[in-house]
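Structure first, commentary second.
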Amino acid sequence: MDVILVGVIRAKIEKEPYNYEAYEDLFSVARNALTTDKKEALRLSAELRSICEKHIRLLDGTIIPRLISLIDRTLLFEAPHVFDSYMLYLEKNRRPNERFYKPRRKKLKIVVDAIQELVDDELDELFIAMPPRVGKTTLILFALTWIIGRNSELANLYSAYSDVITAAMYSGVLEVINDKYTYTWHEIFPDSKIVSTNAKDEIVNIDRKKRYPSLTCRSLYGTLNGACDCNGFLISDDLIGGIEEALNKDRLASAWFKVDNNLIPRAKESAKRLWVGTRWSISDPAGIRMELLENDPAYKNVRYRIINMPALDPQTDESNFEYDYGVGFSTEYYKQRRASFERNNDMASWNAQYMQEPIERDGTLFCPDDLRYYNGVLPSDEPDRIFMAVDPAFGGGDFCSAPVCVQYGNDCFIPDLVFDAGDKKITQPKIIETILRNKVQAARFEANNGGEDYQQAVEKELRSKNYRLNITSKRAKTSVRKEQRIFDKAPEIREFYFLEPAKRTKEYNQFMNNLFAFKITGKNKHDDAPDSLAMLVEMKEDSIGQKPEIFKKVF
């Protein structure tokens, strides 16, 4: 590049800003230098665009439309080589408020620049962690259309946790390439074209049909071995499906097994690896891979970068994703979400999902300081409802757990309960005595594993004592893990009022200790107390909006 000539042209533009030919001369220098000094050519084109943008604000007249057109031409010139320019030019035909990238550019450019480093072989692996619904998957979609347009001979593989996500990515890539009215992909890559697609296999071939396509989209749990081969970019996007999977160590281990044995081996040694998603756990696949790169000497030569973008900036406590045109999330929104997690005593989920700071979830779910207590004296008013949840037990070390709830409006008190590891000959009489003592109006028994027979025996004995109540049984959903069910009801459980320590019986103390010992993940030796409280929450929720039935009692 002729540095003296560039200096002369710059000076001419500054002296004669209305001389459009000078702008064109500078652009010609950049275009001519592309084959000999690509880096400088692209830098000069970007400089010219900045000059045009400055002069558009200062000048007027017929030169303005010409400068606007020149800005577009510089973007088109750079687009095959510069991801940021590609993103800007790709959507130039869309209305500003309908574009994806321009409204988000101030926040997402750090990610775009990092992807550029990966493409330019300045990195081998890149990790991007951001909160849900801020645009990370759409950004990757555009990146894939750029990558396969730049070099159609490379075989690229995109993987996510479900077929639904990979199918959406496949369809999205085709939309960007084929929709010439909305996107300018064919202007950027005029010599490229789609030669074959397969919706079933989610593959796209650019320029020629190949054994290993330009792009394959395949879920982590789909067919990877033998069906895919990646020498371009291996992109994993949210390999963990959500909170339920993150809470299950077996599922996390299974996901990493699939990644390490099926996904990573699909990539050639020269392939670039991009890990994108929301961080759910330090044991998710991205976390394990990071740990390897950071601590295992075998990976000491791998060039990698980690970008964690939290919902709220740790320094300012302001949103990192408040985009133009209201398409992002405000500081107020994120603070409301944080307050909700705080109220639910689930800051682990807030830190993981929104702040990208996953922590181990092996800690207890219910802490003594997080619960409510009362001194054993119930309000003097007539309660709205007295009900009981019964989780039967039949030996084997399990406890029959049956808390009683006395409800006054939104306030629910737990004055009495049964918590006994004895067999049904011991626990059934205790259930009956507790029902009578507390004048329980409704009782629900878990029906699984013989619970219905247990309930019928209790009901029969109560009838013999001329005591009637609304007594039912209900099976727990086998499609939802018990730990997940308890986790879902934890916020409501924390709203109950439990007896103060000094007011508790030995049995009540055992119940509370069982509650405090419950852990979100891992094996719980006994989870009877939290499980029965979750049933109690369901009973409370089921009663909302229902007219209570009145039963005549004989005491």
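Letters A, B, ... go to the chains of the structure tokens in the order shown; residues in each chain start at 1; ligands are counted from 1 in the same order.
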
(message) Write out as a PyMOL selection string the set of residues from segment 369-465 of chain A that DSSP, computed on the backbone, places in alpha helix (DSSP H).
(response) chain A and resi 424-438+451-464

(request) Name the residues in contact with Ser236 of chain A at a cut-off of 7 Å, using only C-alpha atoms, excluding same-chain residues fewer than 2 positions from it; report them as a VMD selection string. (result) chain A and resid 158 to 160 234 238 to 239 274 to 276

(message) If I take atom CA of Phe445 of chain A and atom CA of Pro392 of chain A, how far is one from the other in Å, to one decimal?
(response) 7.3 Å

(request) Check segment 168-389 of chain A with DSSP on the backbone and list each residue it calls strand (DSSP E or B), as a ChimeraX atom specification. (result) /A:194-198,203-206,215-217,230,233-237,267,272-277,304-308,312,319,364,372-374,385-389

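If you measure from each of A:Glu187, A:Pro96, A:Ile235, A:Asn205 to Tyr161 of chain A using only C-alpha atoms, the closest one turns out to be A:Ile235.
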
List as a Markdown table every residue of segment 87-179 of chain A that is in contact with segment 304-316 of chain A, defined as an atom at most 10 Å from one of its atoms (using only C-alpha atoms), together with the nearest atom pair and the distance in Å rounded to one decimal, sorted by chain and then rising number.
| residue | atom | partner | partner_atom | distance |
| --- | --- | --- | --- | --- |
| A:Lys107 | CA | A:Met309 | CA | 9.4 |
| A:Leu108 | CA | A:Met309 | CA | 9.5 |
| A:Ile110 | CA | A:Ile307 | CA | 8.6 |
| A:Val111 | CA | A:Ile307 | CA | 7.6 |
| A:Ala114 | CA | A:Arg305 | CA | 8.0 |
| A:Glu117 | CA | A:Arg305 | CA | 9.6 |
| A:Leu118 | CA | A:Tyr304 | CA | 8.9 |
| A:Glu122 | CA | A:Tyr304 | CA | 8.9 |
| A:Leu123 | CA | A:Tyr304 | CA | 5.5 |
| A:Asp124 | CA | A:Tyr304 | CA | 5.7 |
| A:Glu125 | CA | A:Tyr304 | CA | 4.6 |
| A:Leu126 | CA | A:Arg305 | CA | 5.1 |
| A:Phe127 | CA | A:Ile306 | CA | 4.7 |
| A:Ile128 | CA | A:Ile307 | CA | 4.9 |
| A:Ala129 | CA | A:Asn308 | CA | 4.8 |
| A:Met130 | CA | A:Met309 | CA | 5.1 |
| A:Pro131 | CA | A:Ala311 | CA | 6.2 |
| A:Pro132 | CA | A:Ala311 | CA | 9.3 |
| A:Val134 | CA | A:Ala311 | CA | 9.3 |

Output C-alpha atoms for every residue in the selection just made, as a JSON list (two decimals), in the first residue's frame.
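This is the output file again_21.json:
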[["chain", "number", "residue", "atom", "x", "y", "z"],
["A", 107, "LYS", "CA", -23.47, -4.88, 23.69],
["A", 108, "LEU", "CA", -22.72, -7.82, 21.41],
["A", 110, "ILE", "CA", -17.37, -7.96, 22.09],
["A", 111, "VAL", "CA", -18.72, -11.37, 21.13],
["A", 114, "ALA", "CA", -14.11, -12.74, 19.64],
["A", 117, "GLU", "CA", -10.43, -13.92, 16.46],
["A", 118, "LEU", "CA", -11.51, -17.55, 16.18],
["A", 122, "GLU", "CA", -5.94, -16.17, 16.79],
["A", 123, "LEU", "CA", -7.89, -18.60, 19.00],
["A", 124, "ASP", "CA", -8.55, -22.32, 18.99],
["A", 125, "GLU", "CA", -11.55, -22.32, 21.31],
["A", 126, "LEU", "CA", -14.03, -19.70, 22.43],
["A", 127, "PHE", "CA", -16.53, -19.85, 25.30],
["A", 128, "ILE", "CA", -19.48, -17.45, 25.34],
["A", 129, "ALA", "CA", -21.88, -17.41, 28.28],
["A", 130, "MET", "CA", -24.89, -15.07, 28.39],
["A", 131, "PRO", "CA", -28.34, -15.07, 30.03],
["A", 132, "PRO", "CA", -31.37, -16.56, 28.27],
["A", 134, "VAL", "CA", -30.45, -12.05, 24.75]]

Compile the contact shell of Met347 of chain A as an mmCIF file with N, CA, C and O atoms, in the first residue's frame: residues with an atom at most 12 Å away, counting only C-alpha atoms, same-chain residues fewer than 3 positions apart removed.
data_model
loop_
_atom_site.group_PDB
_atom_site.id
_atom_site.type_symbol
_atom_site.label_atom_id
_atom_site.label_comp_id
_atom_site.auth_asym_id
_atom_site.auth_seq_id
_atom_site.Cartn_x
_atom_site.Cartn_y
_atom_site.Cartn_z
ATOM 1 N N ARG A 337 -36.224 -9.757 38.463
ATOM 2 C CA ARG A 337 -35.918 -11.188 38.428
ATOM 3 C C ARG A 337 -35.043 -11.575 39.618
ATOM 4 O O ARG A 337 -35.253 -12.599 40.255
ATOM 5 N N ARG A 338 -34.063 -10.737 39.927
ATOM 6 C CA ARG A 338 -33.185 -11.023 41.061
ATOM 7 C C ARG A 338 -33.967 -11.040 42.363
ATOM 8 O O ARG A 338 -33.758 -11.924 43.218
ATOM 9 N N ALA A 339 -34.876 -10.073 42.528
ATOM 10 C CA ALA A 339 -35.693 -10.019 43.737
ATOM 11 C C ALA A 339 -36.542 -11.274 43.879
ATOM 12 O O ALA A 339 -36.737 -11.780 44.984
ATOM 13 N N SER A 340 -37.038 -11.771 42.759
ATOM 14 C CA SER A 340 -37.847 -12.993 42.801
ATOM 15 C C SER A 340 -37.009 -14.179 43.250
ATOM 16 O O SER A 340 -37.438 -14.979 44.092
ATOM 17 N N PHE A 341 -35.791 -14.293 42.724
ATOM 18 C CA PHE A 341 -34.913 -15.378 43.148
ATOM 19 C C PHE A 341 -34.535 -15.237 44.624
ATOM 20 O O PHE A 341 -34.423 -16.232 45.347
ATOM 21 N N GLU A 342 -34.316 -14.006 45.062
ATOM 22 C CA GLU A 342 -33.989 -13.785 46.468
ATOM 23 C C GLU A 342 -35.144 -14.219 47.360
ATOM 24 O O GLU A 342 -34.936 -14.857 48.397
ATOM 25 N N ARG A 343 -36.332 -13.846 46.956
ATOM 26 C CA ARG A 343 -37.511 -14.209 47.739
ATOM 27 C C ARG A 343 -37.675 -15.718 47.806
ATOM 28 O O ARG A 343 -38.122 -16.268 48.822
ATOM 29 N N ASN A 344 -37.309 -16.395 46.726
ATOM 30 C CA ASN A 344 -37.412 -17.853 46.673
ATOM 31 C C ASN A 344 -36.196 -18.552 47.275
ATOM 32 O O ASN A 344 -36.102 -19.779 47.236
ATOM 33 N N TRP A 350 -30.119 -17.695 40.149
ATOM 34 C CA TRP A 350 -29.875 -16.352 39.622
ATOM 35 C C TRP A 350 -28.427 -16.209 39.176
ATOM 36 O O TRP A 350 -28.141 -15.740 38.068
ATOM 37 N N ASN A 351 -27.492 -16.622 40.037
ATOM 38 C CA ASN A 351 -26.078 -16.477 39.709
ATOM 39 C C ASN A 351 -25.688 -17.296 38.490
ATOM 40 O O ASN A 351 -24.878 -16.855 37.668
ATOM 41 N N ALA A 352 -26.264 -18.478 38.345
ATOM 42 C CA ALA A 352 -25.916 -19.333 37.221
ATOM 43 C C ALA A 352 -26.551 -18.838 35.931
ATOM 44 O O ALA A 352 -25.867 -18.575 34.939
ATOM 45 N N GLN A 353 -27.874 -18.706 35.925
ATOM 46 C CA GLN A 353 -28.588 -18.390 34.691
ATOM 47 C C GLN A 353 -28.374 -16.958 34.226
ATOM 48 O O GLN A 353 -28.256 -16.707 33.027
ATOM 49 N N TYR A 354 -28.320 -16.029 35.170
ATOM 50 C CA TYR A 354 -28.292 -14.620 34.783
ATOM 51 C C TYR A 354 -26.925 -13.960 34.946
ATOM 52 O O TYR A 354 -26.557 -13.096 34.165
ATOM 53 N N MET A 355 -26.174 -14.364 35.946
ATOM 54 C CA MET A 355 -24.877 -13.742 36.171
ATOM 55 C C MET A 355 -23.724 -14.583 35.641
ATOM 56 O O MET A 355 -22.574 -14.190 35.721
ATOM 57 N N GLN A 356 -24.035 -15.767 35.101
ATOM 58 C CA GLN A 356 -23.029 -16.654 34.508
ATOM 59 C C GLN A 356 -21.943 -17.025 35.511
ATOM 60 O O GLN A 356 -20.761 -17.116 35.179
ATOM 61 N N GLU A 357 -22.384 -17.234 36.754
ATOM 62 C CA GLU A 357 -21.481 -17.666 37.823
ATOM 63 C C GLU A 357 -22.043 -18.941 38.445
ATOM 64 O O GLU A 357 -22.589 -18.925 39.547
ATOM 65 N N PRO A 358 -21.939 -20.061 37.730
ATOM 66 C CA PRO A 358 -22.509 -21.302 38.262
ATOM 67 C C PRO A 358 -21.769 -21.768 39.494
ATOM 68 O O PRO A 358 -20.553 -21.619 39.608
ATOM 69 N N ILE A 359 -22.511 -22.313 40.437
ATOM 70 C CA ILE A 359 -21.922 -22.880 41.638
ATOM 71 C C ILE A 359 -22.492 -24.275 41.824
ATOM 72 O O ILE A 359 -23.509 -24.631 41.238
ATOM 73 N N GLU A 360 -21.833 -25.063 42.627
ATOM 74 C CA GLU A 360 -22.360 -26.395 42.906
ATOM 75 C C GLU A 360 -23.665 -26.276 43.674
ATOM 76 O O GLU A 360 -23.790 -25.447 44.581
ATOM 77 N N ARG A 361 -24.608 -27.110 43.322
ATOM 78 C CA ARG A 361 -25.914 -27.065 43.961
ATOM 79 C C ARG A 361 -26.072 -28.189 44.987
ATOM 80 O O ARG A 361 -27.179 -28.640 45.233
ATOM 81 N N GLY A 363 -25.595 -27.923 48.074
ATOM 82 C CA GLY A 363 -25.995 -27.390 49.367
ATOM 83 C C GLY A 363 -27.452 -27.672 49.670
ATOM 84 O O GLY A 363 -28.249 -28.004 48.799
ATOM 85 N N LEU A 365 -31.317 -27.117 50.495
ATOM 86 C CA LEU A 365 -32.312 -26.234 49.897
ATOM 87 C C LEU A 365 -33.027 -25.400 50.954
ATOM 88 O O LEU A 365 -33.445 -24.279 50.684
ATOM 89 N N PRO A 491 -40.201 -22.345 47.277
ATOM 90 C CA PRO A 491 -40.575 -20.984 47.695
ATOM 91 C C PRO A 491 -41.828 -20.958 48.565
ATOM 92 O O PRO A 491 -41.893 -20.215 49.550
#

Pick out the residues sitting within 9 Å of Asn178 of chain A, and hand them over as a short mmCIF file (atom, residue, chain, number, x, y, z; two decimals) with all heavy atoms, in the first residue's frame; count only C-alpha atoms, and ignore anything fewer than 6 positions along from it in its own chain.
data_model
loop_
_atom_site.label_atom_id
_atom_site.label_comp_id
_atom_site.auth_asym_id
_atom_site.auth_seq_id
_atom_site.Cartn_x
_atom_site.Cartn_y
_atom_site.Cartn_z
N TRP A 185 -27.15 -11.87 1.63
CA TRP A 185 -26.11 -12.89 1.59
C TRP A 185 -25.56 -13.09 0.19
O TRP A 185 -24.35 -13.23 0.00
CB TRP A 185 -26.68 -14.21 2.13
CG TRP A 185 -25.67 -15.28 2.37
CD1 TRP A 185 -24.95 -15.48 3.51
CD2 TRP A 185 -25.26 -16.32 1.46
NE1 TRP A 185 -24.11 -16.58 3.38
CE2 TRP A 185 -24.29 -17.11 2.11
CE3 TRP A 185 -25.62 -16.63 0.16
CZ2 TRP A 185 -23.68 -18.20 1.52
CZ3 TRP A 185 -25.01 -17.73 -0.46
CH2 TRP A 185 -24.03 -18.51 0.22
N HIS A 186 -26.43 -13.07 -0.82
CA HIS A 186 -25.98 -13.30 -2.19
C HIS A 186 -25.20 -12.12 -2.76
O HIS A 186 -24.42 -12.29 -3.70
CB HIS A 186 -27.18 -13.62 -3.09
CG HIS A 186 -27.67 -15.03 -2.93
ND1 HIS A 186 -27.04 -16.11 -3.50
CD2 HIS A 186 -28.72 -15.53 -2.24
CE1 HIS A 186 -27.68 -17.21 -3.18
NE2 HIS A 186 -28.70 -16.90 -2.40
N ILE A 194 -26.55 -22.49 -2.86
CA ILE A 194 -26.92 -23.77 -2.27
C ILE A 194 -27.12 -24.78 -3.39
O ILE A 194 -27.85 -24.54 -4.35
CB ILE A 194 -28.21 -23.64 -1.44
CG1 ILE A 194 -27.98 -22.73 -0.22
CG2 ILE A 194 -28.69 -25.01 -0.97
CD1 ILE A 194 -29.22 -22.48 0.61
#

(message) One number please: atom CA of Tyr333 of chain A to atom CA of Gly135 of chain A, in Å, one decimal.
(response) 16.6 Å

(message) Report as a list in words all protein, DNA and RNA residues lying within 6 Å of segment 17-34 of chain A, evaluated on only C-alpha atoms, omitting residues in the same chain fewer than 2 positions from it.
(response)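 Once the nearby chain positions are removed, what remains is Met1, Ile13, Glu14, Thr36, Asp37, Lys38, Ala41, Leu44 and Ser45 of chain A.
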
Output of the above residues as an mmCIF file, in the first residue's frame, restricted to N, CA and C atoms:
data_model
loop_
_atom_site.group_PDB
_atom_site.id
_atom_site.type_symbol
_atom_site.label_atom_id
_atom_site.label_comp_id
_atom_site.auth_asym_id
_atom_site.auth_seq_id
_atom_site.Cartn_x
_atom_site.Cartn_y
_atom_site.Cartn_z
ATOM 1 N N MET A 1 0.852 -1.199 0.000
ATOM 2 C CA MET A 1 0.000 0.000 0.000
ATOM 3 C C MET A 1 0.888 1.249 0.000
ATOM 4 N N ILE A 13 -9.251 15.161 1.377
ATOM 5 C CA ILE A 13 -10.624 15.051 1.883
ATOM 6 C C ILE A 13 -10.872 16.078 2.973
ATOM 7 N N GLU A 14 -9.908 16.265 3.855
ATOM 8 C CA GLU A 14 -10.068 17.223 4.936
ATOM 9 C C GLU A 14 -10.136 18.653 4.401
ATOM 10 N N THR A 36 -2.651 -7.850 -1.604
ATOM 11 C CA THR A 36 -1.265 -7.738 -1.167
ATOM 12 C C THR A 36 -1.123 -7.459 0.340
ATOM 13 N N ASP A 37 -2.086 -6.750 0.889
ATOM 14 C CA ASP A 37 -2.025 -6.405 2.319
ATOM 15 C C ASP A 37 -3.457 -6.350 2.852
ATOM 16 N N LYS A 38 -4.018 -7.510 3.059
ATOM 17 C CA LYS A 38 -5.436 -7.609 3.427
ATOM 18 C C LYS A 38 -5.752 -6.837 4.693
ATOM 19 N N ALA A 41 -5.768 -3.159 4.026
ATOM 20 C CA ALA A 41 -6.869 -2.813 3.132
ATOM 21 C C ALA A 41 -8.183 -2.702 3.906
ATOM 22 N N LEU A 44 -8.109 0.379 6.189
ATOM 23 C CA LEU A 44 -8.307 1.628 5.455
ATOM 24 C C LEU A 44 -9.777 1.799 5.056
ATOM 25 N N SER A 45 -10.424 0.708 4.688
ATOM 26 C CA SER A 45 -11.845 0.777 4.351
ATOM 27 C C SER A 45 -12.666 1.214 5.568
#

(message) Quick check, in Å to one decimal: how far apart do atom CA of Gly409 of chain A and atom CA of Gln455 of chain A lie?
(response)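 Computing the Euclidean distance for atom CA of Gly409 of chain A and atom CA of Gln455 of chain A yields 28.1 Å.
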
(message) Give me the residues near Gly328 of chain A as a PyMOL selection string, where near means some atom within 10 Å (using only C-alpha atoms) and where sequence neighbours in that chain fewer than 4 positions away do not count.
(response) chain A and resi 103-104+133-135+319-324+333

(request) Kindly indicate which residue among A:Glu269, A:Glu433, A:Asp416, A:Glu332 lies nearest to Tyr508 of chain A, using only C-alpha atoms for the distances. (result)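 Under the stated criterion, the closest residue is A:Asp416.
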